Every structure is written in C-alpha cells, then in structure tokens.
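Q: The following block contains the structure, expressed as structure tokens.
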Amino acid sequence: MTVDIVTGSTSDHLVALEQAVDHRVEQYIHRQIVEPLLDLQQAATEAGFDLKICSAFRSFERQLIIWNGKASGSRAVMDELGQPMDIASLGAWQKIQAIMRWSALPGASRHHWGTDFDIYDAKAMPEGYQIKLTPDEVQGKGLFTPMHDWLDQYIQAGHTAFYRPYEFDTGGIAPERWHLSYRPLADQYAALQTVDVIAQRLQQSKILLLDTVIENLDEIYNRYILVN
C-alpha cells in the first residue's frame with residue numbers, strides 16, 4: 001500500500017478540497033495535511049493573500065499522459081525560461097533531460113503523495129486569467145510574487161512545516177517557487193522512493209522512451225528525483 005502511494009498507484013490516502021482554479025475540478029491532498037494547509041491559508045489571509053491550490057495529487061496514469069504527450073511531441077516541452085521548445089531533433093536521452101527539467105517521471109512525482117501541490121494567489125488574479133506556472137508569474141513583477149515573498153519569510157521564520165523542494169537550481173528540476181511540500185510526511189515517502197521501486201512500476205507501464213529511462217535511471221534519480 002505504501003509503495004502504491006509512493007508511485008501514484010492509489011488514491012486511498014487522499015481527501016478532496018473544495019477549491020481549485022476551476023471549481024468543477026476537485027483537488028485532492030493527503031488527509032494528514034488538511035489542518036496544516038488550513039493553518040497556512042489562514043496565515044496568508046491575515047497577510048492579505050488568498051493562497052489556493054491549482055495542482056495537487058496526480059496519479060501515475062495522469063503523469064504518464066503528461067510524459068507521453070511531451071515525449072511524442074503532442075504536448076509542449078519548455079526551455080529554461082518556461083517557453084516552448086522543439087525537441088524533434090533531439091536524441092532519446094536529450095529528450096528525457098528536456099522533459100524532466102519541468103516534468104517528473106511517472107512513478108517518481110512528488111505530486112503522487114498528496115503532500116505536494118502548486119499554489120497561487122487567487123486575490124491577485126485578474127478575471128479570466130489562466131495560470132501558467134512559469135517563472136514570470138512568481139518573480140520580479142509577477143502577479144504572484146508578493147505572496148511568495150511573504151511565504152519565503154513565513155517559512156524561514158519556522159512558522160510552518162511546508163517548504164519549497166525545488167527552491168534552488170541544482171542542475172535537475174528547474175526552480176519551482178510555486179511548488180510546496182509538507183516535509184514531515186513527504187520525507188517519509190521520499191525515503192521509500194528508490195530506484196528499484198520506480199523501475200518496477202515503469203516496467204509495468206506503456207511509457208515512451210522506457211529503455212533509455214531505465215538505462216539512465218541512476219543518473220535520473222540522483223539528478224532529478226532526490227531533493228533536500
């Protein structure tokens with residue numbers, strides 16, 4: 001059961017939230033982080049923001065659709081600046097590296113656990129605005145920058161157990177200021193997310209570029225999956 005949670009193969013550990021960018025689409029999080037999340041949202045409200053989730057749990061199958069769409073060229077792959085790039089001329093290993101700059105390998109996504117999610121400030125959104133989850137939204141003059149600046153201080157002061165696993169660029173996953181993780185629970189799942197567990201789940205799937213992924217899985221694990 002725990003391995004199923006780690007690889008995104010079950011939803012039994014989740015509860016639904018009554019909030020989303022599109023209220024017709026439910027978001028799901030781990031049942032054990034509901035109260036910490038509500039506390040964080042209350043603190044944000046008191047600071048003048050409306051912290052909401054735009055992407056929480058993703059199943060293995062959902063992450064597989066994203067991966068295969070990018071590997072096949074039917075879904076955009078982003079460059080360092082979050083702009084679409086052409087990967088048609090790239091070799092298999094180059095494609096994998098380009099995809100993993102912004103998208104997790106199925107079975108290895110922290111979104112599988114229900115402990116991690118992407119956030120935005122609903123109060124800052126103009127009517128009809130479509131969230132992109134790109135760097136220009138969360139830095140400089142980005143419309144969500146003020147909330148993230150406040151959240152940096154809130155986290156650094158030790159007021160919450162949520163943290164940013166992709167805060168710094170270490171050559172793997174690009175920095176994602178919008179991605180939060182509940183460390184006490186996420187660390188437990190991360191410890192169980194081994195190369196063997198990931199490989200076994202991938203070999204049961206129809207993932208594109210499988211042979212090259214398995215051939216390079218140790219490097220993928222150390223570069224794109226392990227975080228502080």
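So you can find residues: chains in the structure tokens are A, B, ... in the order shown, residues in each start at 1, and ligands are numbered from 1 in order.
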Could you give me the residues within region 40-194 of chain A that DSSP places in strand (DSSP E or B), as a list of chain:residue names?
A: A:Leu51, A:Lys52, A:Ile53, A:Cys54, A:Ser55, A:Val77, A:Met78, A:Pro84, A:Met85, A:Asp116, A:Phe117, A:Asp118, A:Ile119, A:Tyr120, A:Asp121, A:Phe162, A:Tyr163, A:His179, A:Leu180, A:Ser181, A:Tyr182
Q: Mind dumping the selected residues with C-alpha atoms as a tab-separated table (two decimals), in the first residue's frame?
A:
chain	number	residue	atom	x	y	z
A	51	LEU	CA	-3.48	31.09	-1.09
A	52	LYS	CA	-5.10	28.42	-3.24
A	53	ILE	CA	-4.02	25.17	-4.88
A	54	CYS	CA	-4.04	24.83	-8.65
A	55	SER	CA	-2.50	21.34	-8.89
A	77	VAL	CA	8.24	20.92	-23.67
A	78	MET	CA	9.53	24.09	-22.02
A	84	PRO	CA	8.03	26.07	-25.70
A	85	MET	CA	10.99	24.39	-27.40
A	116	ASP	CA	2.90	18.38	-2.53
A	117	PHE	CA	1.00	20.94	-4.55
A	118	ASP	CA	1.29	24.07	-6.68
A	119	ILE	CA	-0.11	27.33	-5.29
A	120	TYR	CA	-1.24	30.74	-6.48
A	121	ASP	CA	-2.73	33.91	-5.02
A	162	PHE	CA	5.76	23.35	4.40
A	163	TYR	CA	8.84	24.09	2.33
A	179	HIS	CA	5.64	24.09	-5.51
A	180	LEU	CA	5.14	23.42	-1.79
A	181	SER	CA	5.73	20.20	0.13
A	182	TYR	CA	4.76	19.13	3.64
Q: Compile a residue-level contact table for region 53-137 of chain A against region 204-223 of chain A at a cut-off of 7 Å, reporting for every qualifying residue the shortest atom pair and its distance in Å to one decimal, with only C-alpha atoms counted, rows ordered by chain and ascending number, as JSON lines.
A:
{"residue": "A:Leu64", "atom": "CA", "partner": "A:Ile207", "partner_atom": "CA", "distance": 6.6}
{"residue": "A:Asn68", "atom": "CA", "partner": "A:Leu208", "partner_atom": "CA", "distance": 5.8}
{"residue": "A:Ala71", "atom": "CA", "partner": "A:Leu208", "partner_atom": "CA", "distance": 6.6}
{"residue": "A:Ala92", "atom": "CA", "partner": "A:Leu209", "partner_atom": "CA", "distance": 6.6}
{"residue": "A:Trp93", "atom": "CA", "partner": "A:Thr212", "partner_atom": "CA", "distance": 6.4}
Q: Can you list, as a PDB file with N, CA and C atoms, in the first residue's frame, every protein, DNA or RNA residue that comes within 12 Å of Leu81 (chain A) when you count only C-alpha atoms, leaving out same-chain residues fewer than 4 positions away?
A:
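Output below, filename part_35.pdb:
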ATOM      1  N   VAL A  77       7.127  21.038 -24.617  1.00  0.00           N
ATOM      2  CA  VAL A  77       8.236  20.918 -23.672  1.00  0.00           C
ATOM      3  C   VAL A  77       8.834  22.313 -23.519  1.00  0.00           C
ATOM      4  N   MET A  85       9.802  24.674 -26.605  1.00  0.00           N
ATOM      5  CA  MET A  85      10.987  24.386 -27.397  1.00  0.00           C
ATOM      6  C   MET A  85      10.716  23.212 -28.329  1.00  0.00           C
ATOM      7  N   ARG A 101      13.267  18.639 -17.002  1.00  0.00           N
ATOM      8  CA  ARG A 101      13.564  19.961 -16.458  1.00  0.00           C
ATOM      9  C   ARG A 101      12.332  20.549 -15.778  1.00  0.00           C
ATOM     10  N   TRP A 102      11.143  20.241 -16.312  1.00  0.00           N
ATOM     11  CA  TRP A 102       9.905  20.795 -15.767  1.00  0.00           C
ATOM     12  C   TRP A 102       8.882  19.729 -15.363  1.00  0.00           C
ATOM     13  N   LEU A 133       1.962  28.694 -14.377  1.00  0.00           N
ATOM     14  CA  LEU A 133       3.023  28.083 -13.583  1.00  0.00           C
ATOM     15  C   LEU A 133       4.367  28.228 -14.310  1.00  0.00           C
ATOM     16  N   THR A 134       4.736  29.468 -14.561  1.00  0.00           N
ATOM     17  CA  THR A 134       6.007  29.800 -15.188  1.00  0.00           C
ATOM     18  C   THR A 134       6.739  30.819 -14.313  1.00  0.00           C
ATOM     19  N   PRO A 135       8.070  30.928 -14.478  1.00  0.00           N
ATOM     20  CA  PRO A 135       8.840  31.820 -13.598  1.00  0.00           C
ATOM     21  C   PRO A 135       8.371  33.262 -13.598  1.00  0.00           C
ATOM     22  N   ASP A 136       7.873  33.759 -14.741  1.00  0.00           N
ATOM     23  CA  ASP A 136       7.489  35.168 -14.801  1.00  0.00           C
ATOM     24  C   ASP A 136       6.294  35.493 -13.912  1.00  0.00           C
ATOM     25  N   GLU A 137       5.549  34.480 -13.462  1.00  0.00           N
ATOM     26  CA  GLU A 137       4.409  34.727 -12.569  1.00  0.00           C
ATOM     27  C   GLU A 137       4.838  34.910 -11.110  1.00  0.00           C
ATOM     28  N   ALA A 174      13.992  22.371 -12.701  1.00  0.00           N
ATOM     29  CA  ALA A 174      14.114  23.824 -12.650  1.00  0.00           C
ATOM     30  C   ALA A 174      13.467  24.343 -11.367  1.00  0.00           C
ATOM     31  N   PRO A 175      13.925  25.480 -10.849  1.00  0.00           N
ATOM     32  CA  PRO A 175      13.289  26.051  -9.657  1.00  0.00           C
ATOM     33  C   PRO A 175      11.791  26.263  -9.876  1.00  0.00           C
ATOM     34  N   GLU A 176      11.004  25.822  -8.919  1.00  0.00           N
ATOM     35  CA  GLU A 176       9.546  25.974  -8.989  1.00  0.00           C
ATOM     36  C   GLU A 176       9.081  26.630  -7.695  1.00  0.00           C
TER      37      GLU A 176
END
Q: Where in region 19-137 of chain A does DSSP assign helix (DSSP H, G or I), given as a PyMOL selection string?
A: chain A and resi 31-46+60-72+92-100+110-113+122-124+135-137
Q: Might you pull out every residue within 12 Å of Ala43 (chain A), with only C-alpha atoms counted and same-chain residues fewer than 4 positions away left off, and present them as a VMD selection string?
A: chain A and resid 36 to 39 47 to 51 147 150 to 151 154 to 155 159 to 160
Q: For the residues in that selection, give me N, CA and C atoms as a CSV table (one decimal), in the first residue's frame.
A:
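Saved to selection16.csv:
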chain,number,residue,atom,x,y,z
A,36,PRO,N,-2.6,21.4,8.6
A,36,PRO,CA,-1.5,22.3,8.3
A,36,PRO,C,-1.8,23.2,7.2
A,37,LEU,N,-2.4,22.7,6.1
A,37,LEU,CA,-2.8,23.6,5.0
A,37,LEU,C,-3.7,24.7,5.4
A,38,LEU,N,-4.7,24.3,6.2
A,38,LEU,CA,-5.7,25.4,6.6
A,38,LEU,C,-5.0,26.4,7.4
A,39,ASP,N,-4.1,26.0,8.3
A,39,ASP,CA,-3.3,27.0,9.1
A,39,ASP,C,-2.5,27.9,8.2
A,47,ALA,N,-2.3,38.0,6.1
A,47,ALA,CA,-1.3,38.8,5.5
A,47,ALA,C,-1.8,39.5,4.2
A,48,GLY,N,-3.0,39.2,3.8
A,48,GLY,CA,-3.6,39.9,2.7
A,48,GLY,C,-3.6,39.1,1.4
A,49,PHE,N,-3.4,37.8,1.5
A,49,PHE,CA,-3.4,37.0,0.3
A,49,PHE,C,-4.5,35.9,0.3
A,50,ASP,N,-4.7,35.3,-0.8
A,50,ASP,CA,-5.7,34.2,-0.9
A,50,ASP,C,-5.0,33.0,-1.5
A,51,LEU,N,-4.3,32.2,-0.6
A,51,LEU,CA,-3.5,31.1,-1.1
A,51,LEU,C,-4.4,29.9,-1.5
A,147,MET,N,2.9,37.3,-2.8
A,147,MET,CA,2.6,36.2,-1.9
A,147,MET,C,3.8,35.3,-1.6
A,150,TRP,N,6.2,37.0,0.8
A,150,TRP,CA,5.7,36.8,2.2
A,150,TRP,C,5.9,35.4,2.6
A,151,LEU,N,5.7,34.4,1.8
A,151,LEU,CA,5.8,33.0,2.1
A,151,LEU,C,7.2,32.6,2.4
A,154,TYR,N,7.8,33.6,5.9
A,154,TYR,CA,7.0,32.8,6.8
A,154,TYR,C,7.7,31.4,7.0
A,155,ILE,N,8.2,30.9,5.9
A,155,ILE,CA,8.9,29.6,6.0
A,155,ILE,C,10.2,29.7,6.8
A,159,HIS,N,7.4,29.1,10.9
A,159,HIS,CA,6.0,29.1,11.2
A,159,HIS,C,5.3,27.9,10.6
A,160,THR,N,5.9,27.2,9.7
A,160,THR,CA,5.1,26.1,9.0
A,160,THR,C,6.1,25.0,8.7
Q: Just the residues within 10 Å of Gly107 (chain A), please, counting only C-alpha atoms, with nothing from its chain fewer than 4 positions along; format it as JSON, numbers by chain.
A: {"A": [3, 4, 5, 6, 7, 8, 9, 59, 60, 61, 63, 64, 111, 112, 193, 197, 198, 199, 200, 201, 202, 205]}
Q: Take the selection from the previous step and output its residues with C-alpha atoms, as a PDB file, in the first residue's frame.
A:
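The resulting file, result_16.pdb, is shown below:
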ATOM      1  CA  VAL A   3       4.601   1.667  -2.375  1.00  0.00           C
ATOM      2  CA  ASP A   4       1.343   2.333  -4.221  1.00  0.00           C
ATOM      3  CA  ILE A   5       1.228   5.791  -2.608  1.00  0.00           C
ATOM      4  CA  VAL A   6       4.865   6.458  -3.498  1.00  0.00           C
ATOM      5  CA  THR A   7       4.300   5.605  -7.179  1.00  0.00           C
ATOM      6  CA  GLY A   8       0.912   7.269  -7.540  1.00  0.00           C
ATOM      7  CA  SER A   9      -0.925   3.977  -7.956  1.00  0.00           C
ATOM      8  CA  SER A  59      -1.859   9.745 -10.296  1.00  0.00           C
ATOM      9  CA  PHE A  60       0.709   7.634 -12.109  1.00  0.00           C
ATOM     10  CA  GLU A  61      -1.630   7.457 -15.090  1.00  0.00           C
ATOM     11  CA  GLN A  63       1.696  11.783 -15.022  1.00  0.00           C
ATOM     12  CA  LEU A  64       2.114   9.152 -17.742  1.00  0.00           C
ATOM     13  CA  HIS A 111       2.543  15.015  -6.591  1.00  0.00           C
ATOM     14  CA  HIS A 112       1.743  11.284  -6.248  1.00  0.00           C
ATOM     15  CA  GLN A 193      11.079   6.171  -3.462  1.00  0.00           C
ATOM     16  CA  VAL A 197      10.569   0.848  -6.837  1.00  0.00           C
ATOM     17  CA  ILE A 198      10.442   3.348  -9.699  1.00  0.00           C
ATOM     18  CA  ALA A 199      11.887   0.906 -12.246  1.00  0.00           C
ATOM     19  CA  GLN A 200       9.424  -1.841 -11.334  1.00  0.00           C
ATOM     20  CA  ARG A 201       6.445   0.497 -11.740  1.00  0.00           C
ATOM     21  CA  LEU A 202       7.704   1.890 -15.054  1.00  0.00           C
ATOM     22  CA  SER A 205       3.512   0.730 -17.925  1.00  0.00           C
TER      23      SER A 205
END
Q: Between CA of Asp79 (chain A) and CA of Ala98 (chain A), what is the spacing in Å?
A: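 These two atoms are separated by 7.4 Å.
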Q: Quick one: of A:Val15, A:Ala108, A:Val34, A:Ala124, who's nearest to Ala190 (chain A), counting only C-alpha atoms?
A: A:Ala108
Q: What is the distance between CA of His148 (chain A) and CA of Ala76 (chain A), in Å to one decimal?
A: 26.3 Å
Q: Contacts of Met100 (chain A) at 9 Å or less, counting only C-alpha atoms, minus same-chain residues fewer than 4 places along, as a tab-separated table (two decimals) with C-alpha atoms, in the first residue's frame?
A:
chain	number	residue	atom	x	y	z
A	67	TRP	CA	5.10	12.39	-20.07
A	95	LYS	CA	14.55	14.44	-24.83
A	96	ILE	CA	14.32	12.89	-21.38
A	104	ALA	CA	8.51	14.49	-13.27
A	105	LEU	CA	8.96	10.91	-14.35
A	172	GLY	CA	17.97	18.91	-12.37
A	173	ILE	CA	14.40	20.10	-11.92
A	174	ALA	CA	14.11	23.82	-12.65
A	220	ILE	CA	17.88	10.47	-13.32
A	224	TYR	CA	16.09	14.92	-10.92
Q: Mind giving me the straight-line distance from CA of Gln83 (chain A) to CA of Ala122 (chain A) in Å, one decimal?
A: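 A separation of 23.5 Å between them.
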Q: Taking only C-alpha atoms into account, which of A:Ser103, A:Gln41, A:Thr115, A:Ser74 comes nearest Leu185 (chain A)?
A: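 Among A:Ser103, A:Gln41, A:Thr115, A:Ser74, it is A:Thr115 that comes nearest to Leu185 (chain A).
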